[in-house]
>>> print(open('coords.pdb').read())   # PDB, C-alpha atoms and all ligand atoms
MODEL        1
ATOM      1  CA  GLY A   1     -58.646  21.647  63.773
ATOM      2  CA  VAL A   2     -58.885  25.163  65.138
ATOM      3  CA  SER A   3     -55.666  27.048  64.825
ATOM      4  CA  ALA A   4     -54.214  28.434  68.051
ATOM      5  CA  GLU A   5     -52.948  31.593  66.401
ATOM      6  CA  PRO A   6     -55.033  33.566  63.918
ATOM      7  CA  THR A   7     -53.091  33.794  60.664
ATOM      8  CA  SER A   8     -54.933  36.822  59.296
ATOM      9  CA  GLY A   9     -54.412  39.179  62.171
ATOM     10  CA  LYS A  10     -55.146  42.861  62.247
ATOM     11  CA  TYR A  11     -51.697  43.698  60.908
ATOM     12  CA  CYS A  12     -52.038  41.533  57.837
ATOM     13  CA  GLY A  13     -50.177  42.922  54.837
ATOM     14  CA  SER A  14     -46.615  44.028  55.198
ATOM     15  CA  LEU A  15     -47.057  47.520  53.734
ATOM     16  CA  LYS A  16     -49.715  48.362  56.230
ATOM     17  CA  ALA A  17     -47.571  46.986  59.011
ATOM     18  CA  GLN A  18     -44.593  49.067  58.016
ATOM     19  CA  ASN A  19     -46.698  52.201  58.084
ATOM     20  CA  LEU A  20     -47.947  51.462  61.563
ATOM     21  CA  SER A  21     -46.905  54.167  63.890
ATOM     22  CA  PHE A  22     -44.960  52.967  66.892
ATOM     23  CA  GLU A  23     -46.568  55.651  68.966
ATOM     24  CA  ARG A  24     -49.977  54.189  68.249
ATOM     25  CA  ALA A  25     -48.847  50.618  68.752
ATOM     26  CA  ARG A  26     -47.404  51.281  72.177
ATOM     27  CA  VAL A  27     -49.389  49.959  75.079
ATOM     28  CA  ARG A  28     -48.993  51.593  78.469
ATOM     29  CA  LYS A  29     -47.538  49.388  81.164
ATOM     30  CA  ASP A  30     -46.545  49.954  84.748
ATOM     31  CA  SER A  31     -42.875  49.670  85.571
ATOM     32  CA  SER A  32     -43.141  46.235  87.211
ATOM     33  CA  THR A  33     -44.746  44.840  84.047
ATOM     34  CA  LYS A  34     -42.046  46.396  81.892
ATOM     35  CA  LYS A  35     -39.419  44.895  84.142
ATOM     36  CA  LEU A  36     -41.022  41.468  83.973
ATOM     37  CA  ILE A  37     -41.151  41.542  80.169
ATOM     38  CA  ASN A  38     -37.648  42.941  79.877
ATOM     39  CA  ASP A  39     -36.192  40.343  82.258
ATOM     40  CA  ALA A  40     -37.980  37.578  80.346
ATOM     41  CA  ILE A  41     -36.428  38.772  77.090
ATOM     42  CA  MET A  42     -32.997  39.035  78.712
ATOM     43  CA  ASN A  43     -33.314  35.495  80.080
ATOM     44  CA  ASN A  44     -34.086  34.028  76.677
ATOM     45  CA  ASP A  45     -30.946  32.693  74.989
ATOM     46  CA  PHE A  46     -32.055  33.870  71.554
ATOM     47  CA  LEU A  47     -33.726  37.173  72.377
ATOM     48  CA  LYS A  48     -31.001  38.429  74.672
ATOM     49  CA  LYS A  49     -28.796  39.065  71.653
ATOM     50  CA  LEU A  50     -31.099  41.810  70.378
ATOM     51  CA  GLU A  51     -30.171  45.466  70.708
ATOM     52  CA  PRO A  52     -31.348  47.207  73.920
ATOM     53  CA  GLN A  53     -33.311  49.739  71.845
ATOM     54  CA  HIS A  54     -35.120  46.958  70.032
ATOM     55  CA  MET A  55     -35.925  45.271  73.328
ATOM     56  CA  ARG A  56     -37.345  48.519  74.631
ATOM     57  CA  GLU A  57     -39.590  48.889  71.591
ATOM     58  CA  MET A  58     -40.718  45.296  71.983
ATOM     59  CA  VAL A  59     -41.589  45.837  75.634
ATOM     60  CA  ASP A  60     -43.518  48.985  74.708
ATOM     61  CA  CYS A  61     -45.487  47.389  71.884
ATOM     62  CA  MET A  62     -46.553  44.131  73.551
ATOM     63  CA  TYR A  63     -50.206  43.801  74.393
ATOM     64  CA  GLU A  64     -52.110  41.663  76.868
ATOM     65  CA  LYS A  65     -53.952  38.425  76.117
ATOM     66  CA  VAL A  66     -55.710  36.085  78.512
ATOM     67  CA  TYR A  67     -55.822  32.312  77.921
ATOM     68  CA  THR A  68     -58.189  30.060  79.794
ATOM     69  CA  GLU A  69     -57.271  26.744  81.380
ATOM     70  CA  GLY A  70     -56.595  24.113  78.715
ATOM     71  CA  GLN A  71     -56.390  26.609  75.837
ATOM     72  CA  LEU A  72     -53.645  26.218  73.228
ATOM     73  CA  VAL A  73     -51.379  29.219  72.887
ATOM     74  CA  ILE A  74     -49.123  27.681  70.239
ATOM     75  CA  GLN A  75     -49.754  24.687  67.982
ATOM     76  CA  GLU A  76     -46.694  22.675  66.964
ATOM     77  CA  GLY A  77     -46.078  22.650  63.194
ATOM     78  CA  GLU A  78     -48.023  25.842  62.447
ATOM     79  CA  PRO A  79     -46.503  29.088  61.227
ATOM     80  CA  GLY A  80     -45.722  31.408  64.092
ATOM     81  CA  ASN A  81     -47.270  34.832  64.248
ATOM     82  CA  TYR A  82     -46.544  35.986  67.771
ATOM     83  CA  LEU A  83     -43.797  36.193  70.293
ATOM     84  CA  TYR A  84     -44.930  35.882  73.900
ATOM     85  CA  VAL A  85     -44.030  36.599  77.506
ATOM     86  CA  LEU A  86     -45.899  34.807  80.281
ATOM     87  CA  ALA A  87     -46.827  37.257  83.061
ATOM     88  CA  ASP A  88     -49.141  35.168  85.193
ATOM     89  CA  GLY A  89     -50.320  31.558  85.193
ATOM     90  CA  LEU A  90     -48.695  28.303  84.159
ATOM     91  CA  LEU A  91     -48.006  26.788  80.726
ATOM     92  CA  GLU A  92     -46.781  23.433  79.468
ATOM     93  CA  VAL A  93     -44.618  22.703  76.454
ATOM     94  CA  ILE A  94     -45.527  19.602  74.461
ATOM     95  CA  GLN A  95     -43.713  18.064  71.488
ATOM     96  CA  ASN A  96     -45.077  15.044  69.602
ATOM     97  CA  GLY A  97     -47.474  14.434  72.482
ATOM     98  CA  LYS A  98     -44.621  14.376  74.987
ATOM     99  CA  LEU A  99     -44.438  16.853  77.840
ATOM    100  CA  LEU A 100     -41.146  18.765  77.565
ATOM    101  CA  GLY A 101     -41.587  21.048  80.528
ATOM    102  CA  GLN A 102     -43.523  23.838  82.153
ATOM    103  CA  MET A 103     -43.176  27.590  81.865
ATOM    104  CA  ARG A 104     -43.631  30.008  84.737
ATOM    105  CA  PRO A 105     -44.209  33.764  84.786
ATOM    106  CA  GLY A 106     -41.266  35.736  83.472
ATOM    107  CA  THR A 107     -40.613  33.377  80.533
ATOM    108  CA  ALA A 108     -40.408  34.498  76.905
ATOM    109  CA  PHE A 109     -41.432  31.888  74.343
ATOM    110  CA  GLY A 110     -42.499  31.441  70.750
ATOM    111  CA  GLU A 111     -39.281  33.170  69.705
ATOM    112  CA  LEU A 112     -37.961  30.388  67.478
ATOM    113  CA  ALA A 113     -40.579  30.607  64.720
ATOM    114  CA  ILE A 114     -40.422  34.398  64.786
ATOM    115  CA  LEU A 115     -36.639  34.697  64.729
ATOM    116  CA  TYR A 116     -35.876  31.834  62.367
ATOM    117  CA  ASN A 117     -38.996  31.834  60.227
ATOM    118  CA  CYS A 118     -39.580  28.151  60.960
ATOM    119  CA  LYS A 119     -42.737  26.253  61.961
ATOM    120  CA  ARG A 120     -43.609  26.116  65.652
ATOM    121  CA  THR A 121     -41.233  23.583  67.202
ATOM    122  CA  ALA A 122     -43.599  22.636  70.044
ATOM    123  CA  SER A 123     -47.111  23.240  71.358
ATOM    124  CA  VAL A 124     -47.730  25.477  74.342
ATOM    125  CA  LYS A 125     -50.889  25.041  76.408
ATOM    126  CA  ALA A 126     -52.306  26.933  79.383
ATOM    127  CA  VAL A 127     -52.403  24.703  82.475
ATOM    128  CA  SER A 128     -54.267  27.400  84.381
ATOM    129  CA  GLN A 129     -55.716  30.751  83.310
ATOM    130  CA  SER A 130     -52.736  32.711  82.040
ATOM    131  CA  LEU A 131     -51.966  36.319  81.325
ATOM    132  CA  ILE A 132     -49.616  36.638  78.388
ATOM    133  CA  TRP A 133     -48.021  39.638  76.649
ATOM    134  CA  ALA A 134     -47.878  39.228  72.894
ATOM    135  CA  LEU A 135     -46.070  40.905  70.040
ATOM    136  CA  ASP A 136     -47.065  40.088  66.497
ATOM    137  CA  ARG A 137     -44.582  39.146  63.820
ATOM    138  CA  GLN A 138     -45.195  42.255  61.704
ATOM    139  CA  MET A 139     -44.562  44.539  64.633
ATOM    140  CA  PHE A 140     -41.465  42.558  65.569
ATOM    141  CA  GLN A 141     -40.180  42.922  62.011
ATOM    142  CA  SER A 142     -40.848  46.626  61.811
ATOM    143  CA  ILE A 143     -39.104  47.132  65.131
ATOM    144  CA  MET A 144     -36.085  45.280  63.771
ATOM    145  CA  MET A 145     -36.177  47.292  60.560
ATOM    146  CA  ARG A 146     -36.528  50.665  62.118
ATOM    147  CA  THR A 147     -32.982  51.836  62.373
ATOM    148  CA  THR A 148     -31.638  52.420  65.805
ATOM    149  CA  GLN A 149     -30.251  55.624  64.418
ATOM    150  CA  ALA A 150     -33.654  57.110  63.606
ATOM    151  CA  ARG A 151     -34.922  56.734  67.126
ATOM    152  CA  HIS A 152     -31.679  57.965  68.586
ATOM    153  CA  GLN A 153     -31.768  61.071  66.406
ATOM    154  CA  GLU A 154     -35.367  61.790  67.355
ATOM    155  CA  TYR A 155     -34.651  61.777  71.088
ATOM    156  CA  PHE A 156     -31.323  63.487  70.664
ATOM    157  CA  SER A 157     -32.864  66.525  68.954
ATOM    158  CA  PHE A 158     -35.572  66.619  71.564
ATOM    159  CA  LEU A 159     -33.072  66.583  74.448
ATOM    160  CA  CYS A 160     -31.163  69.425  72.811
ATOM    161  CA  SER A 161     -34.279  71.545  73.304
ATOM    162  CA  VAL A 162     -34.558  70.798  77.022
ATOM    163  CA  SER A 163     -33.108  73.770  78.910
ATOM    164  CA  LEU A 164     -31.538  71.649  81.637
ATOM    165  CA  LEU A 165     -29.590  69.520  79.167
ATOM    166  CA  LYS A 166     -28.937  71.696  76.171
ATOM    167  CA  ASP A 167     -25.460  72.769  77.311
ATOM    168  CA  LEU A 168     -24.236  69.242  77.941
ATOM    169  CA  PRO A 169     -21.575  67.978  75.527
ATOM    170  CA  GLU A 170     -23.041  66.008  72.623
ATOM    171  CA  GLU A 171     -21.513  62.724  73.664
ATOM    172  CA  LYS A 172     -23.109  63.000  77.099
ATOM    173  CA  LEU A 173     -26.489  63.731  75.557
ATOM    174  CA  ALA A 174     -26.091  60.756  73.253
ATOM    175  CA  LYS A 175     -25.420  58.525  76.239
ATOM    176  CA  ILE A 176     -28.462  59.849  78.043
ATOM    177  CA  VAL A 177     -30.519  58.956  74.966
ATOM    178  CA  ASP A 178     -29.202  55.397  75.300
ATOM    179  CA  CYS A 179     -30.518  55.001  78.818
ATOM    180  CA  LEU A 180     -33.896  56.693  78.377
ATOM    181  CA  GLU A 181     -37.185  54.959  78.840
ATOM    182  CA  VAL A 182     -40.611  56.227  77.854
ATOM    183  CA  ASP A 183     -43.462  56.096  80.338
ATOM    184  CA  TYR A 184     -47.117  56.980  79.876
ATOM    185  CA  PHE A 185     -49.580  58.494  82.335
ATOM    186  CA  ASP A 186     -53.322  59.073  82.379
ATOM    187  CA  LYS A 187     -55.127  62.205  83.481
ATOM    188  CA  GLY A 188     -55.058  62.546  87.264
ATOM    189  CA  GLU A 189     -52.345  59.950  87.690
ATOM    190  CA  TYR A 190     -49.545  60.696  90.154
ATOM    191  CA  ILE A 191     -46.168  60.544  88.473
ATOM    192  CA  ILE A 192     -44.343  61.564  91.626
ATOM    193  CA  ARG A 193     -45.644  61.626  95.186
ATOM    194  CA  GLU A 194     -44.386  64.143  97.696
ATOM    195  CA  GLY A 195     -42.345  62.495 100.467
ATOM    196  CA  GLU A 196     -41.562  59.346  98.519
ATOM    197  CA  GLU A 197     -38.063  58.266  97.694
ATOM    198  CA  GLY A 198     -37.179  58.589  94.063
ATOM    199  CA  ASN A 199     -34.359  57.650  91.778
ATOM    200  CA  THR A 200     -35.776  58.748  88.453
ATOM    201  CA  PHE A 201     -35.780  61.988  86.552
ATOM    202  CA  PHE A 202     -38.533  62.893  84.078
ATOM    203  CA  ILE A 203     -38.719  65.025  80.940
ATOM    204  CA  ILE A 204     -42.158  65.650  79.473
ATOM    205  CA  ALA A 205     -42.251  64.597  75.822
ATOM    206  CA  LYS A 206     -46.006  64.956  75.352
ATOM    207  CA  GLY A 207     -48.835  66.369  77.461
ATOM    208  CA  MET A 208     -48.876  68.402  80.652
ATOM    209  CA  THR A 209     -48.524  67.883  84.364
ATOM    210  CA  THR A 210     -49.329  69.792  87.504
ATOM    211  CA  GLU A 211     -46.787  70.375  90.212
ATOM    212  CA  GLY A 212     -48.394  70.743  93.594
ATOM    213  CA  SER A 213     -47.551  70.585  97.239
ATOM    214  CA  LEU A 214     -50.325  69.749  99.686
ATOM    215  CA  GLU A 215     -53.325  68.762  97.607
ATOM    216  CA  PRO A 216     -55.151  70.355  95.956
ATOM    217  CA  GLN A 217     -52.862  73.334  95.855
ATOM    218  CA  GLU A 218     -51.298  73.753  92.450
ATOM    219  CA  ILE A 219     -47.867  75.338  92.267
ATOM    220  CA  LYS A 220     -47.371  75.293  88.517
ATOM    221  CA  THR A 221     -48.116  73.579  85.257
ATOM    222  CA  LEU A 222     -45.366  71.836  83.331
ATOM    223  CA  GLY A 223     -45.411  71.074  79.603
ATOM    224  CA  VAL A 224     -43.371  69.533  76.801
ATOM    225  CA  GLY A 225     -39.635  69.970  77.358
ATOM    226  CA  ASP A 226     -40.085  70.664  81.065
ATOM    227  CA  TYR A 227     -38.534  68.253  83.520
ATOM    228  CA  PHE A 228     -38.952  67.252  87.122
ATOM    229  CA  GLY A 229     -37.494  64.843  89.633
ATOM    230  CA  GLU A 230     -33.984  66.043  88.792
ATOM    231  CA  LYS A 231     -33.084  66.344  92.462
ATOM    232  CA  ALA A 232     -33.165  62.556  92.648
ATOM    233  CA  LEU A 233     -30.140  62.479  90.370
ATOM    234  CA  ILE A 234     -28.272  64.844  92.631
ATOM    235  CA  SER A 235     -29.078  63.585  96.090
ATOM    236  CA  GLU A 236     -31.005  60.969  98.023
ATOM    237  CA  ASP A 237     -33.708  63.506  98.884
ATOM    238  CA  VAL A 238     -37.345  62.488  99.003
ATOM    239  CA  ARG A 239     -39.693  63.996  96.442
ATOM    240  CA  SER A 240     -40.484  67.602  97.355
ATOM    241  CA  ALA A 241     -43.838  67.870  95.537
ATOM    242  CA  ASN A 242     -46.542  65.873  93.826
ATOM    243  CA  ILE A 243     -46.493  65.723  90.053
ATOM    244  CA  ILE A 244     -49.816  64.784  88.526
ATOM    245  CA  SER A 245     -50.620  64.149  84.878
ATOM    246  CA  LYS A 246     -53.112  66.699  83.529
ATOM    247  CA  GLU A 247     -53.974  64.818  80.359
ATOM    248  CA  ASN A 248     -54.420  61.298  79.148
ATOM    249  CA  ASP A 249     -51.373  59.867  77.418
ATOM    250  CA  THR A 250     -48.846  62.221  78.949
ATOM    251  CA  GLN A 251     -45.495  60.824  77.869
ATOM    252  CA  CYS A 252     -42.328  61.240  79.865
ATOM    253  CA  LEU A 253     -38.772  60.287  79.066
ATOM    254  CA  VAL A 254     -37.455  58.685  82.209
ATOM    255  CA  VAL A 255     -33.836  58.563  83.272
ATOM    256  CA  ASP A 256     -33.194  56.089  86.027
ATOM    257  CA  ARG A 257     -30.291  56.803  88.365
ATOM    258  CA  ASP A 258     -29.031  53.198  88.328
ATOM    259  CA  ASN A 259     -29.427  52.901  84.581
ATOM    260  CA  PHE A 260     -27.648  56.144  84.176
ATOM    261  CA  ASN A 261     -24.878  54.972  86.458
ATOM    262  CA  GLN A 262     -24.446  51.729  84.601
ATOM    263  CA  MET A 263     -24.733  52.944  81.043
ATOM    264  CA  VAL A 264     -23.255  56.404  81.082
ATOM    265  CA  GLY A 265     -20.755  55.861  83.838
ATOM    266  CA  THR A 266     -20.275  59.592  84.355
ATOM    267  CA  TYR A 267     -22.818  60.069  87.067
ATOM    268  CA  GLU A 268     -20.534  62.326  89.130
ATOM    269  CA  GLU A 269     -20.087  64.615  86.171
ATOM    270  CA  LEU A 270     -23.796  64.887  85.544
ATOM    271  CA  GLN A 271     -24.341  65.330  89.259
ATOM    272  CA  ALA A 272     -21.866  68.212  89.297
ATOM    273  CA  TYR A 273     -23.468  69.702  86.217
ATOM    274  CA  LEU A 274     -26.974  69.474  87.678
ATOM    275  CA  LYS A 275     -25.838  70.947  90.980
ATOM    276  CA  GLU A 276     -24.343  73.921  89.229
ATOM    277  CA  TYR A 277     -27.441  74.315  87.084
ATOM    278  CA  VAL A 278     -29.755  74.276  90.102
ATOM    279  CA  GLU A 279     -27.525  76.777  91.936
ATOM    280  CA  GLN A 280     -27.615  79.063  88.931
ATOM    281  CA  LEU A 281     -31.377  78.850  88.902
ATOM    282  CA  SER A 282     -31.672  79.775  92.548
ATOM    283  CA  ARG A 283     -29.195  82.645  92.047
ATOM    284  CA  SER A 284     -31.325  84.055  89.264
ATOM    285  CA  ASP A 285     -34.405  83.603  91.452
ATOM    286  CA  GLU A 286     -32.703  85.584  94.204
ATOM    287  CA  GLN A 287     -31.747  88.299  91.751
ATOM    288  CA  ARG A 288     -35.296  88.471  90.507
ATOM    289  CA  ASN A 289     -36.619  88.671  94.058
ATOM    290  CA  ALA A 290     -34.103  91.395  94.920
ATOM    291  CA  MET A 291     -35.252  93.535  92.024
ATOM    292  CA  PRO A 292     -37.539  96.454  92.889
ATOM    293  CA  GLN A 293     -41.159  95.461  92.369
ATOM    294  CA  SER A 294     -43.126  97.436  89.847
ATOM    295  CA  PRO A 295     -46.107  99.215  91.430
TER     296      PRO A 295
HETATM  297  P1  LIG B   1     -41.531  28.281  68.791
HETATM  298  O1  LIG B   1     -40.949  27.134  68.085
HETATM  299  O2  LIG B   1     -41.750  29.537  68.029
HETATM  300  O3  LIG B   1     -42.927  27.847  69.419
HETATM  301  C1  LIG B   1     -42.922  26.884  70.458
HETATM  302  C2  LIG B   1     -42.037  27.401  71.567
HETATM  303  O4  LIG B   1     -41.871  26.521  72.664
HETATM  304  C3  LIG B   1     -40.636  27.609  71.069
HETATM  305  O5  LIG B   1     -40.650  28.625  70.085
HETATM  306  C4  LIG B   1     -39.902  27.825  72.343
HETATM  307  O6  LIG B   1     -40.129  29.116  72.840
HETATM  308  C5  LIG B   1     -40.608  26.823  73.244
HETATM  309  N1  LIG B   1     -39.845  25.562  73.347
HETATM  310  C6  LIG B   1     -39.440  24.767  72.365
HETATM  311  N2  LIG B   1     -38.783  23.699  72.840
HETATM  312  C7  LIG B   1     -38.744  23.824  74.168
HETATM  313  C8  LIG B   1     -38.203  23.053  75.244
HETATM  314  N3  LIG B   1     -37.559  21.891  75.028
HETATM  315  N4  LIG B   1     -38.374  23.501  76.496
HETATM  316  C9  LIG B   1     -39.021  24.664  76.720
HETATM  317  N5  LIG B   1     -39.535  25.433  75.758
HETATM  318  C10 LIG B   1     -39.416  25.023  74.490
ENDMDL
END
>>> encode(input="coords.pdb", output="structure tokens", more="lines below")
Ligand code: CMP
Amino acid sequence: GVSAEPTSGKYCGSLKAQNLSFERARVRKDSSTKKLINDAIMNNDFLKKLEPQHMREMVDCMYEKVYTEGQLVIQEGEPGNYLYVLADGLLEVIQNGKLLGQMRPGTAFGELAILYNCKRTASVKAVSQSLIWALDRQMFQSIMMRTTQARHQEYFSFLCSVSLLKDLPEEKLAKIVDCLEVDYFDKGEYIIREGEEGNTFFIIAKGMTTEGSLEPQEIKTLGVGDYFGEKALISEDVRSANIISKENDTQCLVVDRDNFNQMVGTYEELQAYLKEYVEQLSRSDEQRNAMPQSP
């Protein structure tokens, strides 16, 4: 019969797979998609034991597949080459011709063969057209192999170069690294809208953005190492300007206030630090403005 999963995928050959750059393998997703995938992983008894960093990489590297009504996603007894998360549609699980149950959006599946290197324990079939996020085995394995330390170090050194953060104690920086997420934006895309409520803070890791008030007035251009949205970590203020991506694939490290609260647990300290930093900035602005202008 026709196999549900291609066995000679594009990442065939382990050497090639290990050399695959994560940056290239990442697929942009909006935050609701990331949340759906992440929640699905967290709700799976086997996957929820993985490290948060590994989960994040998995979420980033999953790509979209569409299955039509009646199509087999997984064939029982075959080797497993993908791990999946159902985003939209309806699936049924069949074992030895017997219906075991149905799967609804927000479910991760196909984890058993990937985690335990066994044959598929059941078949999975699309009851209606279904949108599914997939991660191939090779990518899963390289994510697991890539040491948590390497990624941590990479972001840590980057954060040390960000003016806002560079004076923070090392252990605080390390904790911020733990609660970072990476988000991607296309040219012309609004990262922040003036007047909206916000609870995230952004640091540009790649690309450029424009800061502007009433469109199309541009206030300034921000680049790698610059940050914005920091006021959201200090107060409940609405966004004071628009921030628009100037390039395709602008990458931002995102710190979420709630995440930060939960994982770092020293929100007040950071808040105090940021407040002081912002005050310092405005003091130096005042000083600059008070200086005699050159003719
Ligand atoms: P895997 O064995 O890789 O491929 C088939 C998948 O179906 C399996 O991983 C699980 O994700 C899922 N599965 C297996 N048994 C059941 C069950 N009894 N109920 C729901 N899902 C199942």
>>> residues_near_point(input="coords.pdb", point="(-39.0, 49.0, 72.4)", cutoff="10 Å", atoms="only C-alpha atoms", output="ChimeraX atom specification")
/A:22,26,38,51-62,140,143-144,181-182
>>> residues_around(input="coords.pdb", residues="region 228-239 of chain A", least_positions_apart="3", cutoff="8 Å", atoms="all atoms listed in the file", output="VMD selection string")
chain A and resid 192 to 203 242 257 271 to 272 274 to 275
>>> residues_near_ligand(input="coords.pdb", ligand="ligand LIG 1 (chain B)", cutoff="7 Å", atoms="all atoms listed in the file", output="NGL selection string")
:A and (74 or 76 or 80 or 93 or 100-101 or 108-114 or 119-124)
>>> closest_residue(input="coords.pdb", among="A:Ser240, A:Ser245, A:Ser32, A:Gln138", to="Thr210 (chain A)", atoms="all atoms listed in the file")
A:Ser245
>>> residues_around(input="coords.pdb", residues="Ile219 (chain A)", least_positions_apart="2", cutoff="10 Å", atoms="only C-alpha atoms", output="MDAnalysis selection string")
chainID A and resid 210:214 216:217 221:222 241:243
>>> write_last_selection(input="coords.pdb", atoms="C-alpha atoms", output="tab-separated table (two decimals), keeping the file's coordinate frame")
chain	number	residue	atom	x	y	z
A	210	THR	CA	-49.33	69.79	87.50
A	211	GLU	CA	-46.79	70.38	90.21
A	212	GLY	CA	-48.39	70.74	93.59
A	213	SER	CA	-47.55	70.58	97.24
A	214	LEU	CA	-50.32	69.75	99.69
A	216	PRO	CA	-55.15	70.36	95.96
A	217	GLN	CA	-52.86	73.33	95.86
A	221	THR	CA	-48.12	73.58	85.26
A	222	LEU	CA	-45.37	71.84	83.33
A	241	ALA	CA	-43.84	67.87	95.54
A	242	ASN	CA	-46.54	65.87	93.83
A	243	ILE	CA	-46.49	65.72	90.05
>>> resolve_selection(input="coords.pdb", expression="the PyMOL selection byres (((chain A and resi 130) around 7) and not hetatm)", output="PyMOL selection string")
chain A and resi 66-68+88-90+126+128-129+131-132
>>> closest_residue(input="coords.pdb", among="A:Tyr190, A:Phe260, A:Phe158, A:Tyr184", to="Gly225 (chain A)", atoms="only C-alpha atoms")
A:Phe158
>>> atom_distance(input="coords.pdb", atom1="CA of Val73 (chain A)", atom2="CA of Arg146 (chain A)")
28.2 Å
>>> closest_residue(input="coords.pdb", among="A:Leu36, A:Ala134, A:Leu164, A:Met145", to="Thr107 (chain A)", atoms="all atoms listed in the file")
A:Leu36
